[in-house]
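Below: target.cif (mmCIF, C-alpha atoms)
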```cif
data_my_file
loop_
_atom_site.label_atom_id
_atom_site.label_comp_id
_atom_site.auth_asym_id
_atom_site.auth_seq_id
_atom_site.Cartn_x
_atom_site.Cartn_y
_atom_site.Cartn_z
CA MET A 81 -218.61 104.95 70.43
CA LEU A 82 -222.07 103.49 69.88
CA SER A 83 -224.99 105.82 70.61
CA ILE A 84 -228.29 104.00 71.18
CA LEU A 85 -231.20 106.43 70.83
CA LEU A 86 -234.69 105.56 72.04
CA PRO A 87 -237.71 107.84 71.66
CA ILE A 88 -240.58 106.85 73.94
CA TYR A 89 -244.14 108.03 74.48
CA LYS A 90 -246.51 106.65 77.10
CA CYS A 91 -244.63 103.38 77.52
CA SER A 92 -242.24 101.72 79.96
CA CYS A 93 -238.78 101.04 78.57
CA VAL A 94 -237.02 99.76 81.70
CA ALA A 95 -236.62 96.15 80.54
CA LEU A 96 -235.40 97.15 77.07
CA VAL A 97 -232.86 99.72 78.29
CA THR A 98 -231.59 97.44 81.05
CA GLU A 99 -230.91 94.65 78.56
CA LEU A 100 -229.27 96.99 76.04
CA GLN A 101 -227.01 98.38 78.74
CA ARG A 102 -226.11 94.89 79.95
CA GLN A 103 -225.15 93.78 76.45
CA CYS A 104 -223.03 96.88 75.85
CA MET A 105 -221.17 96.24 79.10
CA GLU A 106 -220.71 92.58 78.19
CA CYS A 107 -219.28 93.49 74.77
CA GLY A 108 -216.82 95.90 76.36
CA ILE A 109 -217.60 98.72 73.90
CA ALA A 110 -217.77 102.45 74.41
CA TYR A 111 -221.47 103.33 74.45
CA GLU A 112 -224.17 105.73 75.50
CA ILE A 113 -227.91 105.12 75.72
CA ILE A 114 -230.11 108.20 75.47
CA VAL A 115 -233.86 107.95 76.07
CA ALA A 116 -236.12 110.90 75.33
CA ASP A 117 -239.68 110.89 76.57
CA ASP A 118 -241.70 112.84 74.01
CA GLY A 119 -244.26 114.56 76.19
CA THR A 120 -245.78 111.75 78.27
CA MET A 121 -245.82 114.15 81.26
CA ALA A 122 -248.33 116.35 79.44
CA ASP A 123 -250.99 113.72 80.16
CA THR A 124 -251.54 113.50 83.91
CA MET A 125 -253.00 110.00 83.49
CA ASN A 126 -249.58 108.71 82.34
CA GLN A 127 -247.20 110.42 84.75
CA HIS A 128 -246.75 107.13 86.61
CA ILE A 129 -245.01 105.77 83.47
CA VAL A 130 -242.43 108.56 83.67
CA GLU A 131 -241.83 107.81 87.33
CA ARG A 132 -241.35 104.11 86.52
CA ASN A 133 -238.86 104.91 83.76
CA LYS A 134 -236.70 107.16 85.96
CA VAL A 135 -234.85 104.12 87.30
CA ILE A 136 -232.96 103.77 83.98
CA GLY A 137 -231.18 107.05 84.68
CA GLN A 138 -229.27 105.26 87.44
CA LEU A 139 -227.69 102.81 84.99
CA GLU A 140 -224.13 103.47 83.86
CA GLY A 141 -223.99 105.18 80.46
CA VAL A 142 -227.74 105.93 80.33
CA ARG A 143 -229.43 109.33 80.10
CA TYR A 144 -233.17 109.77 80.52
CA ILE A 145 -234.50 113.07 79.18
CA ILE A 146 -238.08 114.11 79.98
CA ARG A 147 -239.62 116.45 77.42
CA GLN A 148 -242.72 118.41 78.37
CA GLU A 149 -244.16 118.79 74.86
CA ASN A 150 -244.81 116.14 72.23
CA VAL A 151 -242.90 117.22 69.11
CA GLY A 152 -243.50 114.21 66.86
CA ARG A 153 -241.54 111.24 65.54
CA SER A 154 -239.11 113.10 63.28
CA ALA A 155 -238.31 115.95 65.66
CA ILE A 156 -237.74 113.73 68.70
CA ARG A 157 -235.32 111.53 66.74
CA ASN A 158 -233.41 114.57 65.55
CA PHE A 159 -233.30 115.86 69.12
CA LEU A 160 -231.85 112.55 70.30
CA PHE A 161 -229.28 112.66 67.50
CA SER A 162 -228.27 116.20 68.53
CA GLN A 163 -227.61 114.92 72.06
CA SER A 164 -225.45 111.99 70.94
CA LYS A 165 -221.68 111.71 70.48
CA GLY A 166 -221.15 108.27 68.93
CA ASP A 167 -219.63 107.41 65.57
CA CYS A 168 -222.44 104.87 65.07
CA ILE A 169 -226.09 105.64 65.82
CA LEU A 170 -228.61 102.93 66.66
CA PHE A 171 -232.26 104.01 66.56
CA ILE A 172 -234.76 101.76 68.37
CA ASP A 173 -238.34 102.57 69.33
CA GLY A 174 -238.68 102.43 73.09
CA ASP A 175 -241.89 100.37 73.09
CA LEU A 176 -240.16 97.32 71.59
CA SER A 177 -238.62 94.34 73.39
CA LEU A 178 -235.39 92.40 73.17
CA ASP A 179 -235.04 88.64 73.51
CA ASN A 180 -231.76 88.27 71.59
CA PRO A 181 -228.68 88.04 73.85
CA ASP A 182 -226.35 88.75 70.89
CA PHE A 183 -228.21 91.82 69.63
CA ILE A 184 -225.46 94.40 70.26
CA ARG A 185 -222.64 92.02 69.29
CA ARG A 186 -224.23 91.33 65.90
CA TYR A 187 -224.43 95.05 65.18
CA THR A 188 -220.81 95.61 66.16
CA GLN A 189 -219.75 92.89 63.70
CA ALA A 190 -221.90 94.12 60.77
CA GLU A 191 -220.57 96.19 57.86
CA GLY A 192 -222.19 98.94 55.81
CA ASP A 193 -223.08 102.62 56.01
CA VAL A 194 -226.53 101.55 57.22
CA VAL A 195 -227.39 98.23 58.88
CA VAL A 196 -231.01 97.16 59.34
CA GLY A 197 -231.79 94.41 61.84
CA GLY A 198 -235.51 93.99 61.21
CA ILE A 199 -238.51 93.35 63.43
CA ARG A 200 -239.99 90.08 64.66
CA ILE A 201 -243.60 89.81 65.79
CA GLY A 202 -244.11 88.34 69.23
CA GLY A 203 -247.00 88.16 71.63
CA ASN A 204 -249.53 85.43 72.32
CA PRO A 205 -251.42 84.62 69.08
CA GLU A 206 -254.51 83.65 71.07
CA GLN A 207 -254.46 86.92 72.99
CA TRP A 208 -254.02 89.08 69.90
CA LYS A 209 -256.04 87.12 67.32
CA GLY A 210 -258.69 89.85 67.14
CA ASN A 211 -256.19 92.71 66.98
CA LEU A 212 -255.87 94.47 63.63
CA ARG A 213 -252.30 95.71 64.17
CA TYR A 214 -251.14 92.24 65.18
CA LYS A 215 -252.68 90.60 62.12
CA TYR A 216 -251.29 93.28 59.80
CA GLU A 217 -247.77 93.11 61.25
CA CYS A 218 -247.77 89.31 60.91
CA VAL A 219 -248.52 89.69 57.19
CA CYS A 220 -245.78 92.31 56.87
CA GLU A 221 -243.30 90.07 58.69
CA ALA A 222 -243.95 87.25 56.23
CA ASN A 223 -243.34 89.65 53.33
CA ASN A 224 -240.22 91.23 54.83
CA THR A 225 -237.74 88.37 54.96
CA ILE A 226 -234.06 89.27 54.62
CA GLU A 227 -234.11 88.11 51.00
CA LYS A 228 -237.03 90.40 50.16
CA ARG A 229 -235.61 93.29 52.17
CA GLN A 230 -232.31 93.06 50.31
CA LYS A 231 -234.09 93.26 46.94
CA GLN A 232 -235.48 96.68 47.94
CA PRO A 233 -232.91 97.74 50.54
CA PHE A 234 -233.99 101.37 50.83
CA GLN A 235 -237.67 100.62 51.49
CA HIS A 236 -237.52 98.57 54.71
CA LEU A 237 -236.01 100.91 57.29
CA ALA A 238 -238.23 100.23 60.29
CA THR A 239 -236.83 101.59 63.52
CA ASN A 240 -234.11 99.08 64.36
CA ILE A 241 -231.35 100.63 62.34
CA LEU A 242 -227.64 101.32 62.80
CA ILE A 243 -226.21 104.27 60.85
CA ARG A 244 -222.72 105.72 60.52
CA ARG A 245 -222.78 109.25 61.91
CA SER A 246 -221.04 110.58 58.81
CA ALA A 247 -224.05 109.48 56.71
CA LEU A 248 -226.65 111.39 58.72
CA GLY A 249 -225.88 115.08 58.38
CA GLU A 250 -227.27 117.45 60.98
CA CYS A 251 -230.98 116.52 60.79
CA PRO A 252 -231.47 112.91 59.68
CA TYR A 253 -235.27 112.90 59.80
CA ASP A 254 -237.42 115.28 57.76
CA GLU A 255 -239.16 117.57 60.23
CA ARG A 256 -241.63 118.71 57.62
CA ILE A 257 -243.46 115.55 58.68
CA SER A 258 -245.44 116.58 61.74
CA ARG A 259 -248.12 113.90 61.45
CA TYR A 260 -247.67 110.18 62.03
CA GLY A 261 -245.95 108.04 59.41
CA TYR A 262 -243.41 107.86 56.57
CA GLU A 263 -240.45 109.58 58.25
CA ASP A 264 -238.44 106.36 57.86
CA VAL A 265 -239.44 106.07 54.19
CA LEU A 266 -238.12 109.55 53.38
CA LEU A 267 -234.93 108.67 55.24
CA GLY A 268 -234.53 105.63 52.98
CA LYS A 269 -235.02 107.79 49.91
CA ARG A 270 -232.30 110.15 51.10
CA PHE A 271 -229.91 107.24 51.68
CA GLN A 272 -230.56 106.05 48.13
CA GLN A 273 -229.83 109.52 46.75
CA GLN A 274 -226.58 109.58 48.74
CA GLY A 275 -225.56 106.23 47.28
CA LEU A 276 -225.11 104.62 50.68
CA THR A 277 -224.61 100.92 51.26
CA ILE A 278 -227.46 99.28 53.18
CA ASN A 279 -226.89 95.91 54.79
CA HIS A 280 -229.95 93.95 55.95
CA ILE A 281 -229.15 91.39 58.63
CA ASP A 282 -231.07 89.00 60.88
CA ASN A 283 -230.97 90.93 64.17
CA PRO A 284 -234.56 91.74 65.06
CA VAL A 285 -236.15 93.53 67.94
CA LEU A 286 -239.42 92.10 69.22
CA PHE A 287 -242.79 93.78 68.66
CA CYS A 288 -245.26 92.26 71.08
CA ASN A 289 -247.66 94.95 72.35
CA PHE A 290 -250.32 96.27 70.02
CA GLU A 291 -252.70 99.21 70.29
CA SER A 292 -256.47 98.83 70.03
CA ASN A 293 -258.10 98.53 66.63
CA GLU A 294 -259.66 101.98 67.01
CA THR A 295 -256.30 103.58 67.82
CA TYR A 296 -254.52 101.82 64.98
CA ILE A 297 -257.14 102.89 62.44
CA SER A 298 -256.80 106.47 63.66
CA LYS A 299 -253.00 106.31 63.29
CA THR A 300 -253.40 104.80 59.81
CA GLU A 301 -255.69 107.62 58.75
CA GLU A 302 -253.15 110.13 60.05
CA ALA A 303 -250.41 108.38 58.07
CA LEU A 304 -252.53 108.63 54.92
CA HIS A 305 -252.75 112.39 55.41
CA THR A 306 -248.94 112.38 55.55
CA LEU A 307 -248.78 110.28 52.40
CA LEU A 308 -251.02 112.71 50.54
CA GLN A 309 -248.95 115.69 51.70
CA PHE A 310 -245.66 114.09 50.58
CA ARG A 311 -246.92 112.06 47.61
CA LYS A 312 -244.47 113.68 45.19
CA ASP A 313 -241.55 112.68 47.40
CA LEU A 314 -242.87 109.17 48.04
CA ILE A 315 -244.15 108.17 44.59
CA ASN A 316 -241.59 105.40 44.06
CA PHE A 317 -241.52 104.34 47.71
CA SER A 318 -245.17 103.48 48.35
CA SER A 319 -247.09 100.48 47.02
CA LEU A 320 -250.33 102.29 47.81
CA LEU A 321 -249.36 105.23 45.59
CA LYS A 322 -248.57 102.80 42.79
CA MET A 323 -252.04 101.33 43.18
CA VAL A 324 -253.54 104.83 43.14
CA GLU A 325 -251.74 105.49 39.85
CA ARG A 326 -253.46 102.45 38.34
CA ILE A 327 -256.80 103.61 39.71
CA HIS A 328 -256.36 106.92 37.91
CA HIS A 329 -255.20 105.17 34.74
CA PHE A 330 -258.50 103.32 34.57
CA HIS A 331 -260.50 106.42 35.63
CA LEU A 332 -261.90 104.71 38.74
CA ALA A 333 -261.07 107.33 41.38
CA LYS A 334 -264.49 109.00 41.45
CA LEU A 335 -266.22 105.63 41.63
CA LEU A 336 -264.12 104.60 44.62
CA PHE A 337 -264.72 107.96 46.24
CA LEU A 338 -268.50 107.46 45.98
CA ALA A 339 -268.18 103.88 47.21
CA PHE A 340 -266.21 105.07 50.24
CA LYS A 341 -268.93 107.54 51.13
CA LEU A 342 -271.42 104.67 51.22
CA LEU A 343 -269.18 102.03 52.82
CA HIS A 344 -267.02 104.09 55.16
CA LYS A 345 -268.98 103.44 58.36
CA PRO A 346 -269.66 99.70 57.93
CA LEU A 347 -266.05 99.10 56.83
CA LYS A 348 -264.68 100.94 59.81
CA HIS A 349 -267.09 99.15 62.14
CA ARG A 350 -265.85 95.77 60.85
CA LEU A 351 -262.20 96.78 61.27
CA GLU A 352 -262.85 97.94 64.83
CA SER A 353 -264.51 94.63 65.70
CA ASN A 354 -262.73 91.55 67.08
CA LYS A 355 -262.75 89.99 63.61
CA PRO A 356 -260.88 92.50 61.43
CA SER A 357 -259.98 91.59 57.85
CA ILE A 358 -256.60 92.51 56.35
CA PHE A 359 -258.14 92.54 52.87
CA LEU A 360 -260.77 95.04 54.04
CA PHE A 361 -258.10 97.03 55.86
CA ASN A 362 -256.07 97.42 52.68
CA LEU A 363 -259.23 98.35 50.78
CA TYR A 364 -260.11 100.88 53.48
CA LYS A 365 -256.66 102.49 53.20
CA LEU A 366 -256.94 102.76 49.42
CA MET A 367 -260.44 104.24 49.52
CA TYR A 368 -259.56 106.59 52.39
CA TYR A 369 -256.56 107.93 50.46
CA ILE A 370 -258.66 108.36 47.30
CA SER A 371 -261.25 110.28 49.34
CA LEU A 372 -258.55 112.59 50.73
CA GLU A 373 -257.20 113.16 47.25
CA GLN A 374 -260.64 113.92 45.80
CA GLN A 375 -261.51 116.31 48.62
CA ALA A 376 -258.20 118.17 48.14
CA ARG A 377 -259.03 118.98 44.50
#
```
Once you've parsed the file, please lay out its structure as structure tokens.
Amino acid sequence: MLSILLPIYKCSCVALVTELQRQCMECGIAYEIIVADDGTMADTMNQHIVERNKVIGQLEGVRYIIRQENVGRSAIRNFLFSQSKGDCILFIDGDLSLDNPDFIRRYTQAEGDVVVGGIRIGGNPEQWKGNLRYKYECVCEANNTIEKRQKQPFQHLATNILIRRSALGECPYDERISRYGYEDVLLGKRFQQQGLTINHIDNPVLFCNFESNETYISKTEEALHTLLQFRKDLINFSSLLKMVERIHHFHLAKLLFLAFKLLHKPLKHRLESNKPSIFLFNLYKLMYYISLEQQAR
């Protein structure tokens, strides 16, 4: 059996779930699709989204579970896993889209303990040209070809990933991570320690809706708090931490910390504008992390 697990939060997943269910039926496989809403109901402004999503519960083989409290990205994935029965587990974020009619078939034909399909960036370039997340994800997409992913197979486990149940244990995601970010990176590290085989294939889901620049910067800052908290675990799995090591080697940390104090507001203002710079965004992340590190001493 294939268990498809989708965590969602404040988003409609009707189109995605409907297409996944159609493809499973077409392939003639045993399947279940479990969707867990991670606390959208807690915000009265978004209850209409929950009502819209309820229609998926009428589809054959689909369960829609409404959770009252937001428990975070790791915990909600572990909850979904605890509810599943399949021999193979497919994790997909519920805010993604699917425009590939052979998506499920390609996964059923793939080999490996872990199979990673990847992400493709969609959306109207003209509409999103001033969006920081869109611009950043486009750069990441160009740097995450199958060839490059296969060279570092344990470091590109974005949430479109098929895993043999026997490889997951009881709690696949590290619930020590309560903030945003890096739960998939720690999962990749665990797979490497287990000596699992990871197969990267061309079977992407589509990412085509992007949060505001302000929201994305806030999420990035939260992820940097996570990175600082788990820096010992992530030292060989983060390019930013490698850069920080070089900063310390050349004794530049205090200088960057002082520079961030002076430049923090104008940098953030530029990133929140409709002309964000990826170079400045990467610089902002580095300086923000250094400032967190310095303040923690």
Quick one: contact table of region 289-362 of chain A to region 267-277 of chain A, 10 Å max, nearest atom pair and distance in Å to one decimal per residue, counting only C-alpha atoms, chain and number order, as a Markdown table?
```
| residue | atom | partner | partner_atom | distance |
| --- | --- | --- | --- | --- |
| A:Asp313 | CA | A:Lys269 | CA | 8.5 |
| A:Leu314 | CA | A:Lys269 | CA | 8.2 |
| A:Asn316 | CA | A:Lys269 | CA | 9.1 |
| A:Phe317 | CA | A:Lys269 | CA | 7.7 |
```
Starting from the PyMOL selection byres ((chain A and resi 337) around 9), expand the selection into actual residues of this file and give them as a ChimeraX atom specification.
/A:332-336,338-342,367-368,370-372,374
Expected file contents, prior selection, C-alpha atoms, as a PDB file, in the coordinates of the input:
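Ended up saving to again-v5.pdb:
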```pdb
ATOM      1  CA  LEU A 332    -261.900 104.710  38.740  1.00  0.00           C
ATOM      2  CA  ALA A 333    -261.070 107.330  41.380  1.00  0.00           C
ATOM      3  CA  LYS A 334    -264.490 109.000  41.450  1.00  0.00           C
ATOM      4  CA  LEU A 335    -266.220 105.630  41.630  1.00  0.00           C
ATOM      5  CA  LEU A 336    -264.120 104.600  44.620  1.00  0.00           C
ATOM      6  CA  LEU A 338    -268.500 107.460  45.980  1.00  0.00           C
ATOM      7  CA  ALA A 339    -268.180 103.880  47.210  1.00  0.00           C
ATOM      8  CA  PHE A 340    -266.210 105.070  50.240  1.00  0.00           C
ATOM      9  CA  LYS A 341    -268.930 107.540  51.130  1.00  0.00           C
ATOM     10  CA  LEU A 342    -271.420 104.670  51.220  1.00  0.00           C
ATOM     11  CA  MET A 367    -260.440 104.240  49.520  1.00  0.00           C
ATOM     12  CA  TYR A 368    -259.560 106.590  52.390  1.00  0.00           C
ATOM     13  CA  ILE A 370    -258.660 108.360  47.300  1.00  0.00           C
ATOM     14  CA  SER A 371    -261.250 110.280  49.340  1.00  0.00           C
ATOM     15  CA  LEU A 372    -258.550 112.590  50.730  1.00  0.00           C
ATOM     16  CA  GLN A 374    -260.640 113.920  45.800  1.00  0.00           C
TER      17      GLN A 374
END
```
Name the residues captured by the PyMOL selection byres ((chain A and resi 173) around 8) when it is applied to the shown file; answer as a list of chain:residue names.
A:Leu86, A:Pro87, A:Ile88, A:Phe171, A:Ile172, A:Gly174, A:Asp175, A:Leu176, A:Thr239, A:Asn240
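When only C-alpha atoms are used to compute distances to Asp264 (chain A), the closest of the residues A:Leu320, A:Val196, A:Ala238, A:Ala247 turns out to be A:Ala238.
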Residue neighbourhood Ile169 (chain A), 6 Å, only C-alpha atoms, exclusion window fewer than 6 positions, as a PyMOL selection string:
chain A and resi 83+242-243
Here is a test: counting only C-alpha atoms, which residue of A:Leu212, A:Cys91, A:Val135, A:Leu85 is nearest to Thr300 (chain A)?
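Ranking A:Leu212, A:Cys91, A:Val135, A:Leu85 by distance to Thr300 (chain A), first place goes to A:Leu212.
Residues in contact range of Tyr260 (chain A), defined as at most 7 Å between all atoms listed in the file, with sequence neighbours fewer than 6 positions away removed, read Lys299, Glu302, Ala303 and Thr306 of chain A.
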Could those residues be written to a file, using C-alpha atoms, as an mmCIF file, in the coordinates of the input?
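Okay, selection-v3.cif is ready:
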```
data_model
loop_
_atom_site.group_PDB
_atom_site.id
_atom_site.type_symbol
_atom_site.label_atom_id
_atom_site.label_comp_id
_atom_site.auth_asym_id
_atom_site.auth_seq_id
_atom_site.Cartn_x
_atom_site.Cartn_y
_atom_site.Cartn_z
ATOM 1 C CA LYS A 299 -253.000 106.310 63.290
ATOM 2 C CA GLU A 302 -253.150 110.130 60.050
ATOM 3 C CA ALA A 303 -250.410 108.380 58.070
ATOM 4 C CA THR A 306 -248.940 112.380 55.550
#
```
Mind pulling up the distance from CA of Val151 (chain A) to CA of Arg259 (chain A)?
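Going from CA of Arg259 (chain A) over to CA of Val151 (chain A) covers 9.8 Å.
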Could you list as a PyMOL selection string every residue that has an atom within 8 Å of (-246.3, 112.2, 56.4), using the file's coordinates and counting all atoms listed in the file?
chain A and resi 257-263+303-310
Gly198 (chain A) environment, 9 Å, only C-alpha atoms, sequence neighbours closer than 2 positions dropped, as number ranges by chain:
A: 196, 200, 224-226, 236-241, 280-285
Report, in Å with one decimal, the straight-line distance from CA of Leu360 (chain A) to CA of Tyr216 (chain A).
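Interatomic distance here is 11.2 Å.
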Of the candidates A:Arg229, A:Lys215, A:Arg245, A:Lys345, which one gets nearest to Ile358 (chain A) if we count all atoms listed in the file?
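That would be A:Lys215, the residue with the smallest distance to Ile358 (chain A).
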State, in Å with one decimal place, the distance from CA of Arg311 (chain A) to CA of Leu170 (chain A).
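Interatomic distance, CA of Arg311 (chain A) to CA of Leu170 (chain A): 28.0 Å.
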Top pick for closest residue to Phe234 (chain A), considering A:Leu266, A:Tyr296, A:Asp179, A:Val130 and counting all atoms listed in the file:
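Comparing A:Leu266, A:Tyr296, A:Asp179, A:Val130 against Phe234 (chain A), the winner is A:Leu266.
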Residue nearest Met323 (chain A) - candidates A:Ile113, A:Leu363, A:Ser292, A:Gln101, atoms counted: only C-alpha atoms:
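Using only C-alpha atoms, the shortest distance to Met323 (chain A) belongs to A:Leu363.
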Would you translate the PyMOL selection byres ((chain A and resi 132) around 12) into the concrete set of residues it matches in this file, as a PyMOL selection string?
chain A and resi 90-95+126-131+133-137+144
